[in-house]
file target20.txt (compact mmCIF, C-alpha atoms and all ligand atoms)
# COMPACT_ATOMS: atom_id res chain seq x y z
CA MET Z 1 77.68 84.31 108.49
CA ALA Z 2 80.72 83.20 110.42
CA LYS Z 3 80.93 84.80 113.82
CA LYS Z 4 83.85 87.03 114.72
CA THR Z 5 86.55 84.78 116.08
CA TYR Z 6 89.17 87.22 117.33
CA ASP Z 7 89.81 90.64 118.82
CA LEU Z 8 93.17 91.66 117.40
CA LEU Z 9 95.45 90.73 114.53
CA PHE Z 10 99.22 91.03 114.74
CA LYS Z 11 101.50 90.54 111.76
CA LEU Z 12 104.87 89.11 112.81
CA LEU Z 13 108.02 88.41 110.81
CA LEU Z 14 111.01 86.13 111.24
CA ILE Z 15 114.30 87.72 110.17
CA GLY Z 16 117.91 86.60 110.35
CA ASP Z 17 120.66 84.88 108.41
CA SER Z 18 119.97 81.78 106.39
CA GLY Z 19 120.29 78.58 108.42
CA VAL Z 20 119.63 80.03 111.88
CA GLY Z 21 116.36 78.11 112.17
CA LYS Z 22 113.60 80.55 111.20
CA THR Z 23 111.58 77.99 109.28
CA CYS Z 24 111.90 75.50 112.11
CA ILE Z 25 110.71 78.15 114.56
CA LEU Z 26 107.65 78.81 112.41
CA PHE Z 27 106.79 75.14 112.39
CA ARG Z 28 107.64 72.35 114.70
CA PHE Z 29 111.15 71.15 114.09
CA SER Z 30 111.07 69.66 110.59
CA ASP Z 31 112.95 66.47 111.38
CA ASP Z 32 110.17 64.91 113.39
CA ALA Z 33 107.30 66.92 112.01
CA PHE Z 34 104.94 65.58 109.42
CA THR Z 35 106.60 67.46 106.62
CA THR Z 36 105.71 65.96 103.29
CA THR Z 37 107.86 66.33 100.26
CA PHE Z 38 105.01 68.10 98.53
CA ILE Z 39 104.57 70.85 101.13
CA SER Z 40 108.27 71.27 101.90
CA THR Z 41 109.07 71.66 98.21
CA ILE Z 42 106.57 74.48 97.77
CA GLY Z 43 107.51 76.06 101.09
CA ILE Z 44 105.41 77.82 103.68
CA ASP Z 45 104.40 81.43 103.19
CA PHE Z 46 102.86 82.21 106.55
CA LYS Z 47 101.02 80.72 109.45
CA ILE Z 48 98.01 81.91 111.42
CA LYS Z 49 97.95 81.08 115.13
CA THR Z 50 95.44 82.11 117.77
CA ILE Z 51 96.54 82.88 121.30
CA GLU Z 52 94.73 84.34 124.29
CA LEU Z 53 96.27 87.24 126.14
CA ARG Z 54 94.56 89.10 128.96
CA GLY Z 55 91.21 87.73 127.91
CA LYS Z 56 91.66 88.80 124.29
CA LYS Z 57 91.76 86.40 121.37
CA ILE Z 58 94.73 87.42 119.29
CA LYS Z 59 95.50 86.19 115.80
CA LEU Z 60 99.15 86.04 114.94
CA GLN Z 61 100.01 85.99 111.28
CA ILE Z 62 103.64 84.85 111.19
CA TRP Z 63 105.64 85.15 107.99
CA ASP Z 64 108.73 83.28 106.97
CA THR Z 65 111.20 84.87 104.55
CA ALA Z 66 111.05 82.33 101.70
CA GLY Z 67 114.83 82.50 101.60
CA GLN Z 68 115.24 86.11 100.39
CA GLU Z 69 117.68 86.62 103.28
CA ARG Z 70 120.30 84.64 101.37
CA PHE Z 71 120.44 87.37 98.77
CA HIS Z 72 119.98 90.22 101.24
CA THR Z 73 116.94 91.29 99.27
CA ILE Z 74 114.54 91.76 102.16
CA THR Z 75 112.91 95.04 101.44
CA THR Z 76 109.98 97.22 102.24
CA SER Z 77 107.33 94.93 100.82
CA TYR Z 78 108.20 92.11 103.25
CA TYR Z 79 108.16 94.52 106.18
CA ARG Z 80 104.88 96.19 105.20
CA GLY Z 81 102.37 96.14 108.01
CA ALA Z 82 104.67 94.20 110.33
CA MET Z 83 104.00 94.90 114.00
CA GLY Z 84 106.54 92.51 115.45
CA ILE Z 85 109.85 91.05 114.33
CA MET Z 86 111.71 88.02 115.65
CA LEU Z 87 115.36 88.62 114.92
CA VAL Z 88 117.05 85.23 114.98
CA TYR Z 89 120.70 84.14 115.19
CA ASP Z 90 122.31 80.76 115.78
CA ILE Z 91 124.29 80.48 119.06
CA ASN Z 92 126.71 78.17 117.21
CA ASN Z 93 127.29 80.63 114.41
CA GLU Z 94 129.29 83.75 115.24
CA LYS Z 95 128.62 85.35 111.86
CA SER Z 96 124.85 85.11 112.28
CA PHE Z 97 125.22 86.92 115.61
CA GLU Z 98 127.38 89.68 114.15
CA ASN Z 99 124.82 90.14 111.41
CA ILE Z 100 122.11 90.96 113.96
CA VAL Z 101 123.37 94.55 113.83
CA LYS Z 102 123.00 94.52 110.05
CA TRP Z 103 119.47 93.20 110.31
CA LEU Z 104 118.62 95.86 112.87
CA ARG Z 105 119.76 98.49 110.38
CA ASN Z 106 117.74 96.84 107.64
CA ILE Z 107 114.69 96.91 109.91
CA ASP Z 108 115.27 100.59 110.73
CA GLU Z 109 115.43 101.34 107.05
CA HIS Z 110 112.41 99.40 105.88
CA ALA Z 111 110.03 98.60 108.72
CA ASN Z 112 107.53 100.73 110.56
CA GLU Z 113 109.45 102.75 113.15
CA ASP Z 114 107.49 101.50 116.13
CA VAL Z 115 107.70 97.84 115.18
CA GLU Z 116 108.29 95.67 118.26
CA LYS Z 117 111.46 93.58 118.08
CA MET Z 118 112.82 90.57 119.91
CA ILE Z 119 116.20 88.86 119.52
CA LEU Z 120 116.29 85.06 119.63
CA GLY Z 121 119.49 83.07 120.12
CA ASN Z 122 118.33 79.80 118.57
CA LYS Z 123 119.66 76.22 118.77
CA CYS Z 124 120.30 76.46 122.51
CA ASP Z 125 119.92 72.67 122.63
CA MET Z 126 123.42 72.50 121.12
CA ASP Z 127 125.10 74.10 124.09
CA ASP Z 128 128.33 72.09 123.63
CA LYS Z 129 128.93 73.68 120.21
CA ARG Z 130 128.08 77.18 121.39
CA THR Z 131 130.27 80.04 120.16
CA VAL Z 132 128.05 82.95 121.23
CA SER Z 133 127.57 83.26 124.98
CA LYS Z 134 124.18 84.10 126.41
CA GLU Z 135 125.71 87.24 127.96
CA ARG Z 136 126.64 88.60 124.54
CA GLY Z 137 123.08 88.09 123.37
CA GLU Z 138 121.74 89.84 126.44
CA THR Z 139 124.21 92.70 126.00
CA ILE Z 140 123.34 93.46 122.41
CA ALA Z 141 119.65 93.27 123.25
CA ARG Z 142 120.13 95.68 126.15
CA GLU Z 143 122.11 98.09 123.96
CA HIS Z 144 119.21 98.28 121.56
CA SER Z 145 116.51 98.06 124.22
CA ILE Z 146 115.11 94.88 122.75
CA ARG Z 147 113.80 91.78 124.44
CA PHE Z 148 116.02 88.69 124.28
CA MET Z 149 115.58 84.97 124.70
CA GLU Z 150 117.49 81.82 123.90
CA THR Z 151 115.36 79.25 122.08
CA SER Z 152 115.47 75.84 120.55
CA ALA Z 153 113.15 74.96 117.72
CA LYS Z 154 114.40 71.40 117.98
CA ALA Z 155 113.80 70.87 121.69
CA ASN Z 156 110.81 73.25 121.67
CA ILE Z 157 112.34 75.56 124.28
CA ASN Z 158 110.90 79.06 124.67
CA ILE Z 159 109.29 79.15 121.21
CA GLU Z 160 105.70 79.62 122.39
CA ARG Z 161 106.88 81.89 125.17
CA ALA Z 162 108.80 84.10 122.75
CA PHE Z 163 105.75 84.63 120.54
CA ARG Z 164 103.53 85.31 123.54
CA GLU Z 165 105.98 87.90 124.89
CA LEU Z 166 106.30 89.60 121.55
CA ALA Z 167 102.52 89.67 121.19
CA GLU Z 168 102.19 91.00 124.71
CA ALA Z 169 104.65 93.79 123.95
CA ILE Z 170 102.62 94.73 120.88
CA LEU Z 171 99.44 94.64 122.93
CA ASP Z 172 101.07 97.05 125.39
CA LYS Z 173 101.90 99.34 122.52
CA THR Z 174 98.18 99.47 121.77
CA ALA Z 175 97.87 99.21 118.01
CA GLY Z 176 96.19 96.11 116.66
CA ARG Z 177 94.32 95.40 113.51
CA GLU Z 178 90.60 95.44 113.49
CA PRO Z 179 89.14 92.17 112.37
CA GLY Z 180 88.53 92.83 108.69
CA GLY Z 181 85.96 91.11 106.55
CA ASP Z 182 88.28 89.94 103.83
CA GLY Z 183 91.78 89.89 105.15
CA ASN Z 184 92.85 93.29 103.92
CA MET Z 185 94.47 95.09 106.75
CA ASP Z 186 94.01 98.78 106.28
CA ARG Z 187 92.05 99.73 109.35
CA VAL Z 188 93.71 100.21 112.67
CA LEU Z 189 92.12 99.63 116.02
CA VAL Z 190 93.48 101.24 119.12
CA ASP Z 191 93.42 99.63 122.52
CA LYS Z 192 92.59 101.56 125.67
CA LYS Z 193 96.16 102.45 126.59
CA PRO Z 194 97.65 105.55 124.96
CA MET Z 195 100.53 105.38 122.50
CA THR Z 196 103.76 105.68 124.38
CA ASN Z 197 106.24 106.86 121.83
CA THR Z 198 104.38 108.91 119.30
CA THR Z 199 101.94 111.74 119.32
CA LYS Z 200 100.45 111.30 115.90
CA SER Z 201 97.09 109.71 115.82
CA CYS Z 202 96.57 107.02 113.25
CA CYS Z 203 93.19 105.87 114.37
CA ASN Z 204 90.58 108.58 114.38
CA ASN Z 205 90.73 109.81 110.84
CA MET K 1 85.18 57.42 98.46
CA PRO K 2 87.31 57.92 101.59
CA ASP K 3 85.72 56.32 104.63
CA CYS K 4 85.14 59.52 106.63
CA SER K 5 82.58 60.67 104.06
CA VAL K 6 80.24 57.93 105.27
CA ASN K 7 78.66 60.00 108.01
CA TYR K 8 79.95 63.48 107.29
CA GLU K 9 76.38 64.76 107.36
CA SER K 10 76.32 64.51 111.14
CA GLU K 11 79.13 67.08 111.21
CA ILE K 12 76.96 69.69 109.50
CA GLU K 13 74.55 71.86 111.42
CA ASP K 14 72.77 74.73 109.67
CA GLY K 15 75.26 74.36 106.83
CA GLN K 16 78.21 74.88 109.16
CA ASN K 17 80.69 72.75 111.06
CA LYS K 18 79.03 71.51 114.22
CA ARG K 19 82.28 70.59 115.95
CA ALA K 20 85.84 71.86 115.91
CA ILE K 21 87.98 70.96 112.92
CA LYS K 22 91.34 69.53 113.92
CA CYS K 23 94.53 68.10 112.51
CA LYS K 24 94.31 64.32 112.08
CA PHE K 25 97.90 63.91 113.15
CA CYS K 26 98.46 66.28 116.09
CA SER K 27 94.95 67.51 117.03
CA SER K 28 95.85 71.17 116.53
CA VAL K 29 92.60 73.15 116.23
CA ILE K 30 92.17 74.46 112.68
CA LEU K 31 88.66 75.90 112.92
CA THR K 32 86.38 76.43 115.88
CA PRO K 33 82.74 75.24 115.73
CA SER K 34 80.35 77.13 113.41
CA SER K 35 83.09 79.01 111.59
CA ALA K 36 82.98 77.37 108.16
CA CYS K 37 80.27 76.50 105.62
CA PHE K 38 79.86 73.15 103.96
CA GLN K 39 80.12 72.88 100.18
CA ASN K 40 80.17 70.00 97.75
CA PHE K 41 82.24 70.25 94.54
CA GLU K 42 85.11 68.48 92.80
CA PHE K 43 88.75 69.42 93.25
CA ASP K 44 91.93 67.43 92.64
CA LEU K 45 93.93 67.82 95.83
CA PRO K 46 97.55 66.61 95.99
CA LEU K 47 97.96 63.64 98.33
CA ILE K 48 99.50 64.18 101.77
CA THR K 49 101.83 61.27 101.18
CA GLN K 50 103.35 61.11 97.73
CA THR K 51 104.76 57.74 96.76
CA LYS K 52 106.93 59.13 93.98
CA ASN K 53 109.08 62.21 94.13
CA ASN K 54 107.50 64.10 91.30
CA ASP K 55 107.17 67.73 92.30
CA ALA K 56 106.03 69.04 88.94
CA ASN K 57 103.28 66.46 88.75
CA PRO K 58 102.07 65.48 92.21
CA GLU K 59 99.65 62.60 92.71
CA THR K 60 96.19 63.95 93.46
CA GLU K 61 92.83 62.59 94.52
CA HIS K 62 89.31 63.69 93.70
CA THR K 63 88.03 65.56 96.71
CA SER K 64 84.48 66.77 96.94
CA LEU K 65 83.53 67.64 100.54
CA PHE K 66 84.80 70.99 101.77
CA TRP K 67 84.56 73.44 104.63
CA VAL K 68 84.55 76.91 103.08
CA VAL K 69 86.24 79.82 104.86
CA LYS K 70 85.77 83.30 103.37
CA ASP K 71 88.11 85.27 105.64
CA MET K 72 91.47 83.62 106.25
CA PHE K 73 91.64 85.10 109.72
CA THR K 74 88.69 82.95 110.69
CA PHE K 75 91.18 80.08 110.96
CA TYR K 76 92.19 79.28 114.50
CA ASN K 77 95.51 77.73 113.48
CA VAL K 78 96.62 77.09 109.89
CA GLY K 79 99.60 77.31 107.57
CA PHE K 80 99.58 78.72 104.03
CA SER K 81 102.05 77.42 101.47
CA ASN K 82 103.67 79.56 98.83
CA ALA K 83 101.58 80.07 95.72
CA VAL K 84 101.34 77.49 92.96
CA GLY K 85 99.57 79.35 90.18
CA ASN K 86 96.38 80.73 91.70
CA THR K 87 96.47 78.35 94.63
CA LYS K 88 98.06 78.21 98.04
CA PHE K 89 97.84 74.93 99.93
CA LEU K 90 96.72 74.76 103.55
CA THR K 91 98.62 72.83 106.20
CA CYS K 92 98.39 72.16 109.89
CA ALA K 93 100.01 75.08 111.73
CA ASP K 94 101.71 72.82 114.24
CA CYS K 95 102.94 69.71 112.44
CA GLU K 96 102.87 70.98 108.86
CA ALA K 97 100.79 68.04 107.64
CA GLY K 98 99.14 68.91 104.38
CA PRO K 99 97.65 69.75 102.05
CA ILE K 100 94.53 69.75 104.21
CA GLY K 101 92.90 71.99 101.65
CA TYR K 102 93.63 74.99 99.47
CA HIS K 103 93.21 78.74 99.18
CA ASP K 104 92.03 80.33 95.95
CA ILE K 105 94.04 83.55 95.58
CA PRO K 106 91.70 85.50 93.20
CA THR K 107 88.61 84.99 95.38
CA LYS K 108 90.52 84.83 98.72
CA ILE K 109 88.36 81.86 99.68
CA SER K 110 89.84 78.86 101.50
CA TYR K 111 88.61 75.27 101.31
CA VAL K 112 89.39 72.60 103.89
CA ALA K 113 88.82 69.01 102.76
CA LEU K 114 86.64 67.08 105.23
CA THR K 115 88.56 63.90 104.50
CA ARG K 116 91.89 65.49 105.44
CA VAL K 117 90.89 66.64 108.93
CA SER K 118 89.22 65.24 112.01
CA HIS K 119 86.20 66.60 113.87
CA GLY K 120 85.86 66.81 117.63
CA SER K 121 85.57 69.02 120.66
CA THR K 122 88.07 71.80 121.30
N1 LIG W 301 120.07 71.67 116.86
C1 LIG W 301 119.19 72.50 116.33
N2 LIG W 301 119.08 72.62 114.99
C2 LIG W 301 118.17 73.48 114.48
C3 LIG W 301 117.33 74.27 115.32
N3 LIG W 301 116.53 75.03 114.53
C4 LIG W 301 116.87 74.73 113.26
N4 LIG W 301 117.85 73.80 113.22
C5 LIG W 301 118.49 73.24 112.01
O1 LIG W 301 119.13 74.30 111.34
C6 LIG W 301 119.02 74.15 109.92
C7 LIG W 301 118.42 75.39 109.31
O2 LIG W 301 117.09 75.55 109.78
P1 LIG W 301 116.02 76.41 108.97
O3 LIG W 301 114.79 76.51 109.80
O4 LIG W 301 115.86 75.90 107.59
O5 LIG W 301 116.77 77.82 108.91
P2 LIG W 301 116.34 79.14 108.12
O6 LIG W 301 117.21 79.21 106.92
O7 LIG W 301 116.63 80.26 109.07
O8 LIG W 301 114.89 79.02 107.79
C8 LIG W 301 118.19 72.91 109.69
O9 LIG W 301 119.05 71.85 109.40
C9 LIG W 301 117.49 72.66 111.01
O10 LIG W 301 117.27 71.31 111.21
C10 LIG W 301 117.47 74.12 116.76
O11 LIG W 301 116.78 74.73 117.58
N5 LIG W 301 118.41 73.23 117.19
MG MG W 302 113.92 79.17 105.93
ZN ZN W 303 99.07 68.75 112.91

call {"tool": "encode", "arguments": {"input": "target20.txt", "output": "structure tokens", "more": "lines below"}}
Ligand SMILES: Nc1nc2c(ncn2[C@@H]2O[C@H](COP(=O)(O)OP(=O)(O)O)[C@@H](O)[C@H]2O)c(=O)[nH]1
Ligand SMILES: [Mg+2]
Ligand SMILES: [Zn+2]
result
Amino acid sequence: MAKKTYDLLFKLLLIGDSGVGKTCILFRFSDDAFTTTFISTIGIDFKIKTIELRGKKIKLQIWDTAGQERFHTITTSYYRGAMGIMLVYDINNEKSFENIVKWLRNIDEHANEDVEKMILGNKCDMDDKRTVSKERGETIAREHSIRFMETSAKANINIERAFRELAEAILDKTAGREPGGDGNMDRVLVDKKPMTNTTKSCCNN
Amino acid sequence: MPDCSVNYESEIEDGQNKRAIKCKFCSSVILTPSSACFQNFEFDLPLITQTKNNDANPETEHTSLFWVVKDMFTFYNVGFSNAVGNTKFLTCADCEAGPIGYHDIPTKISYVALTRVSHGST
């Protein structure tokens, strides 16, 4: 039998307007990555990455949207089981920034209420074309009490760090998935720290 | 037969992968040692590099040496493609090179082709 290879499993999503760079954040920037026509035509569903945080091996299962965002058809099924959401806009695209508020509403409507969120202002390598200042990103994040970071999938700035911070925030919140035998994620494992924002217990029944 | 199959037997210990399984192109760790079982069977796996742009009918090669992974969360780093019929293709999680193998949706079992990966220390 294969030995247990991790302690916790976090399901993370990438959300945001089409073109902001979600797919590039999920994988190394496509232009210089080894993207074959075959794989890029089919598209990537999700990625599993292992990180270590505070001595724990944590599996991140990171999902891309498969382009549903273009039709604003992201609904409950995509959000199901999500513990963390990267909310991405493009610092060169005003509209994508304005839509962050829309996405936040969509998340409130469909996702688990204690899902951990983080706003990413992507494409910060293109500072000369910037239309959304860093301050505006920080302000909207503060207003919603969400973490914020500017990233570049192209120059590989802050991508790893963003995922680590999001994972760390989820770890602080306590709930992780128990390593299941077959990938179905219905059991919940609770870390030592108590839940901060809810009194209902989801673990001992 | 692809050349790496020549001494693949030295990579197997007690039916499992003796060393870490890594991406041939960027060395990203796909599976840690002793986390997959060896199996020998035939499967036509699409080529990593397609010479023609024929999405409906990709060029494939007979592949017969596989590392079998029963729980997808056993993977250290891996990417899953969208479904094509009952199959999802596996890629490197860092550089997207693939297919390095496939995932059978009905059985939830994943297969990594020995010839599409490298073996080494973590
Ligand atoms: N300059 C720059 N371009 C980026 C960056 N991330 C993505 N892009 C480009 O933005 C476009 C859309 O990226 P994609 O990942 O497909 O966006 P998605 O629709 O949100 O998945 C592509 O042409 C990428 O090459 C970045 O960090 N910097
Ligand atoms: Mg995309
Ligand atoms: Zn790779």

call {"tool": "axis_aligned_box", "arguments": {"input": "target20.txt", "around": "stretch 13-32 of chain K", "padding_each_side": "3 Å", "output": "JSON"}}
result
{"center_x": 85.6, "center_y": 70.2, "center_z": 111.9, "size_x": 31.7, "size_y": 18.5, "size_z": 16.2}

call {"tool": "residues_near_ligand", "arguments": {"input": "target20.txt", "ligand": "ligand LIG 301 (chain W)", "cutoff": "6 Å", "atoms": "all atoms listed in the file", "output": "PyMOL selection string"}}
result
chain Z and resi 18-24+122-123+125-126+152-154

call {"tool": "residues_near_point", "arguments": {"input": "target20.txt", "point": "(77.3, 74.2, 107.9)", "cutoff": "9 Å", "atoms": "all atoms listed in the file", "output": "MDAnalysis selection string"}}
result
chainID K and resid 11:18 34:39 67

call {"tool": "closest_residue", "arguments": {"input": "target20.txt", "among": "K:Phe73, K:Tyr8, K:Phe66, K:Phe43", "to": "chain Z", "atoms": "all atoms listed in the file"}}
result
K:Phe73

call {"tool": "residues_near_ligand", "arguments": {"input": "target20.txt", "ligand": "ligand ZN 303 (chain W)", "cutoff": "9 Å", "atoms": "only C-alpha atoms and all ligand atoms", "output": "list in words"}}
result
Ala33 and Phe34 of chain Z; Lys22, Cys23, Lys24, Phe25, Cys26, Ser27, Ser28, Val29, Ile30, Thr91, Cys92, Ala93, Asp94, Cys95, Glu96, Ala97 and Gly98 of chain K

call {"tool": "closest_residue", "arguments": {"input": "target20.txt", "among": "Z:Leu13, Z:Thr76, Z:Thr65, Z:Gly43", "to": "K:Ala83", "atoms": "all atoms listed in the file"}}
result
Z:Gly43

call {"tool": "atom_distance", "arguments": {"input": "target20.txt", "atom1": "atom CA of K:Ile48", "atom2": "atom CA of Z:Phe27"}}
result
16.9 Å

call {"tool": "residues_around", "arguments": {"input": "target20.txt", "residues": "Z:Asn106", "least_positions_apart": "3", "cutoff": "12 Å", "atoms": "only C-alpha atoms", "output": "ChimeraX atom specification"}}
result
/Z:15-16,69,72-76,78-79,85,87,99-103,109-113

call {"tool": "write_last_selection", "arguments": {"input": "target20.txt", "atoms": "C-alpha atoms", "output": "short mmCIF file (atom, residue, chain, number, x, y, z; two decimals), keeping the file's coordinate frame"}}
result
data_model
loop_
_atom_site.label_atom_id
_atom_site.label_comp_id
_atom_site.auth_asym_id
_atom_site.auth_seq_id
_atom_site.Cartn_x
_atom_site.Cartn_y
_atom_site.Cartn_z
CA ILE Z 15 114.30 87.72 110.17
CA GLY Z 16 117.91 86.60 110.35
CA GLU Z 69 117.68 86.62 103.28
CA HIS Z 72 119.98 90.22 101.24
CA THR Z 73 116.94 91.29 99.27
CA ILE Z 74 114.54 91.76 102.16
CA THR Z 75 112.91 95.04 101.44
CA THR Z 76 109.98 97.22 102.24
CA TYR Z 78 108.20 92.11 103.25
CA TYR Z 79 108.16 94.52 106.18
CA ILE Z 85 109.85 91.05 114.33
CA LEU Z 87 115.36 88.62 114.92
CA ASN Z 99 124.82 90.14 111.41
CA ILE Z 100 122.11 90.96 113.96
CA VAL Z 101 123.37 94.55 113.83
CA LYS Z 102 123.00 94.52 110.05
CA TRP Z 103 119.47 93.20 110.31
CA GLU Z 109 115.43 101.34 107.05
CA HIS Z 110 112.41 99.40 105.88
CA ALA Z 111 110.03 98.60 108.72
CA ASN Z 112 107.53 100.73 110.56
CA GLU Z 113 109.45 102.75 113.15
#

call {"tool": "atom_distance", "arguments": {"input": "target20.txt", "atom1": "atom CA of K:Val112", "atom2": "atom CA of Z:Phe163"}}
result
26.3 Å

call {"tool": "closest_residue", "arguments": {"input": "target20.txt", "among": "K:Ala20, K:Ala113, K:Leu31, K:Val78", "to": "chain Z", "atoms": "all atoms listed in the file"}}
result
K:Val78
